[in-house]
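Chemist: Dropping in start17.cif, with mmCIF, C-alpha atoms.
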data_entry
loop_
_atom_site.label_atom_id
_atom_site.label_comp_id
_atom_site.auth_asym_id
_atom_site.auth_seq_id
_atom_site.Cartn_x
_atom_site.Cartn_y
_atom_site.Cartn_z
CA MET A 921 34.06 125.45 24.97
CA ILE A 922 35.87 128.15 22.99
CA GLY A 923 34.88 127.86 19.36
CA LEU A 924 35.43 129.57 16.06
CA SER A 925 32.77 132.22 16.65
CA HIS A 926 34.57 133.60 19.72
CA TYR A 927 37.63 134.41 17.64
CA LEU A 928 35.52 135.84 14.82
CA VAL A 929 33.76 138.25 17.18
CA ILE A 930 37.05 139.38 18.74
CA SER A 931 38.45 139.95 15.27
CA ALA A 932 35.35 141.89 14.21
CA ALA A 933 35.75 144.13 17.29
CA LEU A 934 39.44 144.73 16.52
CA PHE A 935 38.57 145.53 12.91
CA SER A 936 35.86 148.00 14.00
CA PHE A 937 38.24 149.77 16.38
CA GLY A 938 40.80 149.98 13.58
CA ILE A 939 38.26 151.56 11.21
CA MET A 940 37.25 153.95 14.00
CA CYS A 941 40.90 154.94 14.53
CA VAL A 942 41.43 155.59 10.83
CA LEU A 943 38.19 157.60 10.53
CA THR A 944 38.43 159.85 13.56
CA ARG A 945 42.04 160.56 14.48
CA LYS A 946 43.75 163.67 13.20
CA ASN A 947 47.30 162.51 13.80
CA ALA A 948 48.87 160.60 10.90
CA ILE A 949 50.77 158.24 13.21
CA ASN A 950 47.56 157.36 15.02
CA VAL A 951 45.97 156.47 11.67
CA LEU A 952 48.89 154.08 11.04
CA MET A 953 48.16 152.45 14.40
CA GLY A 954 44.57 151.91 13.24
CA ILE A 955 45.81 150.19 10.09
CA GLU A 956 47.92 147.84 12.22
CA LEU A 957 44.79 146.97 14.24
CA ILE A 958 42.93 146.11 11.01
CA LEU A 959 45.77 143.87 9.78
CA ASN A 960 45.87 142.10 13.14
CA ALA A 961 42.13 141.43 12.91
CA ALA A 962 42.59 139.87 9.48
CA ASN A 963 45.43 137.69 10.75
CA LEU A 964 43.38 136.49 13.71
CA ASN A 965 40.60 135.42 11.31
CA LEU A 966 43.02 133.55 9.05
CA ILE A 967 44.58 131.64 11.93
CA ALA A 968 41.23 130.81 13.51
CA PHE A 969 39.93 129.40 10.21
CA SER A 970 43.21 127.55 9.74
CA LYS A 971 42.65 125.76 13.03
CA PHE A 972 38.92 125.16 13.04
CA SER A 973 37.84 125.06 9.43
CA THR A 974 40.52 123.71 7.13
CA GLY A 975 42.61 121.73 9.56
CA ASN A 976 45.82 122.48 7.67
CA ILE A 977 48.45 125.14 8.03
CA ASP A 978 47.98 127.23 4.86
CA GLY A 979 46.16 130.00 6.76
CA GLN A 980 49.18 130.51 8.98
CA ILE A 981 51.44 130.85 5.92
CA PHE A 982 49.07 133.51 4.63
CA ALA A 983 49.25 135.30 7.99
CA ILE A 984 53.06 135.33 7.78
CA PHE A 985 52.87 137.12 4.42
CA ILE A 986 50.42 139.64 5.89
CA ILE A 987 52.91 140.32 8.70
CA VAL A 988 55.63 140.91 6.08
CA VAL A 989 53.42 143.37 4.21
CA ALA A 990 52.49 145.09 7.50
CA ALA A 991 56.16 145.60 8.33
CA ALA A 992 56.83 147.09 4.89
CA GLU A 993 53.74 149.28 5.21
CA ALA A 994 54.78 150.60 8.62
CA ALA A 995 58.27 151.48 7.38
CA VAL A 996 57.10 153.29 4.23
CA GLY A 997 54.14 154.90 6.04
CA LEU A 998 56.32 156.36 8.77
CA ALA A 999 58.81 157.57 6.16
CA ILE A 1000 55.96 159.42 4.43
CA VAL A 1001 54.83 160.88 7.78
CA LEU A 1002 58.36 162.11 8.55
CA SER A 1003 58.62 163.61 5.09
CA MET A 1004 55.26 165.34 5.59
CA TYR A 1005 56.45 166.69 8.94
CA ARG A 1006 59.56 168.10 7.29
CA ILE A 1007 57.49 169.97 4.70
CA LEU A 1008 54.45 171.06 6.73
CA ARG A 1009 55.98 171.12 10.27
CA SER A 1010 52.94 169.14 11.41
CA VAL A 1011 51.50 165.63 11.25
CA ASN A 1012 47.92 166.85 11.36
CA LEU A 1013 46.17 165.26 8.40
CA ASP A 1014 43.89 168.29 7.96
CA ARG A 1015 46.95 170.34 7.01
CA ALA A 1016 47.76 168.07 4.08
CA ASP A 1017 45.17 169.60 1.75
CA THR A 1018 47.38 170.91 -1.05
CA LEU A 1019 45.52 168.84 -3.65
CA LYS A 1020 42.10 170.09 -2.50
CA GLY A 1021 40.28 171.90 -5.30
CA MET B 931 36.50 119.90 33.69
CA ASP B 932 38.47 122.11 36.05
CA LYS B 933 41.22 122.51 33.48
CA ASN B 934 38.63 123.44 30.85
CA LEU B 935 37.22 126.17 33.08
CA LEU B 936 40.70 127.56 33.75
CA SER B 937 41.49 127.67 30.03
CA GLN B 938 38.23 129.54 29.38
CA ILE B 939 39.08 132.09 32.08
CA VAL B 940 42.51 132.64 30.51
CA PHE B 941 40.94 133.00 27.05
CA TYR B 942 38.44 135.60 28.22
CA PHE B 943 41.19 137.47 30.07
CA PHE B 944 43.22 137.82 26.86
CA ALA B 945 40.11 138.65 24.82
CA VAL B 946 39.22 141.49 27.21
CA LEU B 947 42.86 142.65 27.26
CA THR B 948 42.98 142.78 23.46
CA ILE B 949 39.68 144.57 22.91
CA GLY B 950 40.06 146.90 25.91
CA SER B 951 43.51 148.07 24.89
CA ALA B 952 42.32 148.49 21.28
CA ALA B 953 39.63 150.82 22.67
CA VAL B 954 42.34 152.76 24.52
CA VAL B 955 44.29 153.08 21.25
CA VAL B 956 41.27 154.67 19.63
CA PHE B 957 40.03 156.90 22.43
CA ALA B 958 43.18 157.94 24.35
CA ARG B 959 43.96 161.65 24.32
CA SER B 960 47.70 161.23 24.49
CA LEU B 961 49.57 159.77 21.53
CA ILE B 962 52.11 158.07 23.79
CA ARG B 963 49.33 156.38 25.73
CA SER B 964 47.85 155.17 22.44
CA ALA B 965 51.19 153.67 21.45
CA PHE B 966 51.59 151.82 24.74
CA ALA B 967 48.02 150.53 24.58
CA LEU B 968 48.91 149.18 21.14
CA LEU B 969 51.66 147.17 22.87
CA PHE B 970 49.02 145.40 24.98
CA THR B 971 46.83 144.81 21.94
CA PHE B 972 49.70 143.13 20.09
CA PHE B 973 50.51 141.10 23.18
CA GLY B 974 46.89 139.98 23.55
CA VAL B 975 46.68 138.99 19.89
CA ALA B 976 49.92 137.00 20.27
CA ALA B 977 48.37 135.19 23.24
CA LEU B 978 45.29 134.39 21.14
CA TYR B 979 47.58 133.00 18.42
CA ALA B 980 49.22 130.78 21.01
CA TYR B 981 45.75 129.76 22.14
CA LEU B 982 44.95 128.73 18.57
CA GLY B 983 48.03 126.51 18.47
CA ALA B 984 50.01 128.84 16.20
CA ASP B 985 53.18 128.87 18.29
CA PHE B 986 55.50 130.13 15.56
CA LEU B 987 53.14 132.99 14.68
CA ALA B 988 52.78 133.99 18.33
CA ALA B 989 56.56 134.36 18.58
CA THR B 990 56.68 136.17 15.22
CA GLN B 991 53.97 138.56 16.39
CA MET B 992 55.96 139.41 19.51
CA VAL B 993 59.23 139.90 17.63
CA ILE B 994 57.97 141.82 14.59
CA TYR B 995 55.08 143.83 15.99
CA VAL B 996 56.26 144.55 19.53
CA GLY B 997 59.97 144.63 18.75
CA GLY B 998 59.82 146.21 15.31
CA ILE B 999 56.68 148.06 14.34
CA LEU B 1000 55.90 149.48 17.78
CA VAL B 1001 59.46 150.79 18.21
CA LEU B 1002 59.18 152.31 14.73
CA ILE B 1003 55.91 154.00 15.72
CA LEU B 1004 57.47 155.36 18.93
CA PHE B 1005 60.41 156.69 16.89
CA GLY B 1006 57.90 158.33 14.57
CA ILE B 1007 56.13 160.01 17.50
CA MET B 1008 59.41 161.22 18.99
CA LEU B 1009 60.70 162.57 15.66
CA THR B 1010 57.53 164.45 14.78
CA HIS B 1011 56.87 166.09 18.15
CA LYS B 1012 59.07 168.25 20.28
CA LEU B 1013 60.59 166.19 23.05
CA TYR B 1014 60.00 168.77 25.77
CA ASP B 1015 56.32 168.79 24.88
CA LEU B 1016 55.25 166.21 27.43
CA LYS B 1017 51.56 166.38 26.60
CA ILE B 1018 51.47 165.09 23.03
CA LYS B 1019 47.77 165.51 22.42
CA THR B 1020 45.81 164.31 19.48
CA ALA B 1021 42.29 165.28 18.58
CA SER B 1022 39.40 163.29 17.17
CA VAL B 1023 37.12 164.58 14.46
CA GLN B 1024 33.60 163.58 13.46
CA LEU B 1025 33.23 161.31 16.43
CA ILE B 1026 29.45 160.78 16.33
CA PRO B 1027 29.08 159.79 12.62
CA ALA B 1028 32.13 157.55 12.93
CA VAL B 1029 30.70 155.79 16.00
CA ILE B 1030 27.42 155.19 14.18
CA ALA B 1031 29.16 153.83 11.07
CA VAL B 1032 31.53 151.62 13.05
CA VAL B 1033 28.79 150.19 15.26
CA ALA B 1034 26.83 149.37 12.10
CA VAL B 1035 29.88 147.66 10.56
CA PHE B 1036 30.48 145.67 13.74
CA ALA B 1037 26.82 144.66 14.03
CA VAL B 1038 26.69 143.40 10.44
CA LEU B 1039 30.00 141.53 10.76
CA ALA B 1040 29.14 139.90 14.08
CA PHE B 1041 25.59 139.04 12.98
CA PHE B 1042 26.70 137.19 9.86
CA MET B 1043 29.71 135.61 11.54
CA LEU B 1044 27.51 134.15 14.25
CA ARG B 1045 24.70 133.14 11.90
CA THR B 1046 26.74 131.42 9.23
CA GLN B 1047 27.27 127.71 9.55
CA TRP B 1048 31.03 127.62 8.94
CA PHE B 1049 32.50 124.48 7.53
CA GLN B 1050 34.32 122.73 10.35
CA SER B 1051 36.54 119.79 9.60
CA GLY B 1052 36.82 117.29 12.38
CA SER B 1053 40.61 117.29 12.42
CA MET B 1054 42.01 120.30 14.24
CA LEU B 1055 45.61 121.37 14.07
CA SER B 1056 47.67 120.18 16.96
CA GLY B 1057 51.32 120.00 17.87
CA PRO B 1058 54.17 122.35 16.99
CA THR B 1059 53.88 124.10 13.63
CA THR B 1060 57.33 125.54 13.03
CA ALA B 1061 58.76 122.59 11.08
CA SER B 1062 55.78 122.29 8.74
CA ILE B 1063 55.70 126.07 8.15
CA GLY B 1064 59.38 125.92 7.16
CA ASN B 1065 58.76 122.98 4.84
CA LEU B 1066 55.79 124.69 3.18
CA LEU B 1067 57.69 127.97 2.72
CA MET B 1068 60.57 126.15 1.05
CA GLN B 1069 58.39 123.91 -1.13
CA ASP B 1070 54.86 124.99 -2.03
CA PHE B 1071 55.22 128.69 -1.25
CA ILE B 1072 58.74 129.34 -2.50
CA LEU B 1073 57.64 131.93 -5.10
CA PRO B 1074 55.62 134.10 -2.66
CA PHE B 1075 58.51 133.77 -0.22
CA GLU B 1076 60.96 135.20 -2.74
CA VAL B 1077 58.52 137.94 -3.78
CA ALA B 1078 58.12 138.88 -0.11
CA SER B 1079 61.88 139.21 0.26
CA VAL B 1080 62.03 141.51 -2.78
CA LEU B 1081 59.14 143.53 -1.29
CA LEU B 1082 61.04 143.99 1.98
CA LEU B 1083 64.15 145.11 0.09
CA LEU B 1084 62.07 147.63 -1.89
CA ALA B 1085 60.43 148.92 1.30
CA LEU B 1086 63.86 149.34 2.90
CA ILE B 1087 65.26 151.30 -0.05
CA GLY B 1088 62.04 153.25 -0.55
CA ALA B 1089 61.77 154.33 3.09
CA ALA B 1090 65.40 155.47 3.09
CA MET B 1091 64.86 157.39 -0.16
CA ILE B 1092 61.73 159.14 1.10
CA VAL B 1093 63.19 160.42 4.37
CA ARG B 1094 66.57 161.31 2.86
CA ARG B 1095 67.40 165.00 3.04
CA ARG B 1096 67.67 166.17 -0.55
CA PRO B 1097 70.61 168.42 -1.44
CA GLU B 1098 69.39 171.93 -2.24
#
Would you mind writing the file's structure down as structure tokens?

Modeler:
Amino acid sequence: MIGLSHYLVISAALFSFGIMCVLTRKNAINVLMGIELILNAANLNLIAFSKFSTGNIDGQIFAIFIIVVAAAEAAVGLAIVLSMYRILRSVNLDRADTLKG
Amino acid sequence: MDKNLLSQIVFYFFAVLTIGSAAVVVFARSLIRSAFALLFTFFGVAALYAYLGADFLAATQMVIYVGGILVLILFGIMLTHKLYDLKIKTASVQLIPAVIAVVAVFAVLAFFMLRTQWFQSGSMLSGPTTASIGNLLMQDFILPFEVASVLLLLALIGAAMIVRRRPE
């Protein structure tokens, strides 16, 4: 029988891969992909708890708002990446070190 | 019994699809391959939503993530790399410390998630959810709904402002 813990472990794995993506990749767009993985992991947790734990639909409403915020984040994030590319001619995050002391 | 076994096989198939393609997103050398692996991750998560009885959210996931965010990411890749450069490579830094940290995070998360006795109410959600989601959004959650619409408008204007070419 598939229970709550199955979904929690899948979501923990997705979250860990997202953190890994954010920590190790040099490309700014790849870091944005990692953030999307993390948000998906959070959504999966909310919906799993909504089904198994509370028995009402509030968790799914919360997930919808997270999807809205993820869409806004992707749009603004990619705009920042494009702007960075225009200035530095590169999306390598190591090149964006102007503020480094 | 037979139906139960079949549903477990389908669940594990989508679980492996989701986690495997997430691993490809993280470890692939080519940026394009990462983006297309992300497509399969989103698809697998949508299937898991459907498995949890969240039919409206499964459809939303397909439309917004696969149709919107992934296309946006592909546009971003195409606009920031030269199109004739077929091998869009991306490097990884500090792989070993990151692997150690991430494995530790995963171990702690999984350990406590499996050990905790979560509260489980007897009544599980069942049946289509779209009508009740619409009712809740228009009644109990009307303020967050309106704030979300303002947020989307701000993101739209902000993104256009940021990428706009400024006159010299």

Chemist: Kindly provide the residues of chain B that approach chain A to within 7 Å, each paired with its closest atom pair and their distance in Å to one decimal, based on all atoms listed in the file, listed by chain and increasing number, as a Markdown table.

Modeler:
| residue | atom | partner | partner_atom | distance |
| --- | --- | --- | --- | --- |
| B:Gln938 | CA | A:Ile922 | CA | 7.0 |
| B:Ala945 | CA | A:Ile930 | CA | 6.8 |
| B:Ile949 | CA | A:Leu934 | CA | 6.4 |
| B:Ala952 | CA | A:Phe937 | CA | 6.5 |
| B:Ala953 | CA | A:Phe937 | CA | 6.5 |
| B:Val956 | CA | A:Cys941 | CA | 5.1 |
| B:Leu982 | CA | A:Ala968 | CA | 6.6 |
| B:Ile999 | CA | A:Ala991 | CA | 6.5 |
| B:Gly1006 | CA | A:Leu998 | CA | 6.3 |
| B:Thr1010 | CA | A:Tyr1005 | CA | 6.3 |
| B:Thr1020 | CA | A:Asn947 | CA | 6.1 |
| B:Ala1021 | CA | A:Lys946 | CA | 5.8 |
| B:Ser1022 | CA | A:Arg945 | CA | 4.7 |
| B:Val1023 | CA | A:Thr944 | CA | 5.0 |
| B:Gln1024 | CA | A:Thr944 | CA | 6.1 |
| B:Leu1025 | CA | A:Thr944 | CA | 6.1 |
| B:Ala1028 | CA | A:Met940 | CA | 6.3 |
| B:Val1032 | CA | A:Ser936 | CA | 5.7 |
| B:Val1035 | CA | A:Ser936 | CA | 6.9 |
| B:Phe1036 | CA | A:Ser936 | CA | 5.9 |
| B:Leu1039 | CA | A:Ala932 | CA | 6.4 |
| B:Ala1040 | CA | A:Val929 | CA | 5.8 |
| B:Met1043 | CA | A:Leu928 | CA | 6.7 |
| B:Leu1044 | CA | A:Ser925 | CA | 6.1 |
| B:Phe1049 | CA | A:Ser973 | CA | 5.7 |
| B:Gln1050 | CA | A:Ser973 | CA | 4.3 |
| B:Ser1051 | CA | A:Ser973 | CA | 5.4 |
| B:Ser1053 | CA | A:Gly975 | CA | 5.6 |
| B:Met1054 | CA | A:Gly975 | CA | 4.9 |
| B:Leu1055 | CA | A:Lys971 | CA | 5.4 |
| B:Ile1063 | CA | A:Ile981 | CA | 6.8 |
| B:Ala1078 | CA | A:Val988 | CA | 7.0 |
| B:Leu1082 | CA | A:Ala992 | CA | 6.0 |
| B:Ala1085 | CA | A:Ala992 | CA | 5.4 |
| B:Gly1088 | CA | A:Val996 | CA | 6.9 |
| B:Ala1089 | CA | A:Val996 | CA | 4.9 |
| B:Ile1092 | CA | A:Ala999 | CA | 6.0 |
| B:Val1093 | CA | A:Ala999 | CA | 5.5 |

Chemist: Rounded to one decimal, what separation in Å do you get between CA of Gln991 in chain B and CA of His1011 in chain B?

Modeler: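 Going from CA of Gln991 in chain B over to CA of His1011 in chain B covers 27.7 Å.
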
Chemist: Between CA of Phe966 in chain B and CA of Ala989 in chain B, measure the distance and give it in Å to one decimal.

Modeler: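 So the two atoms, CA of Phe966 in chain B and CA of Ala989 in chain B, lie 19.2 Å apart.
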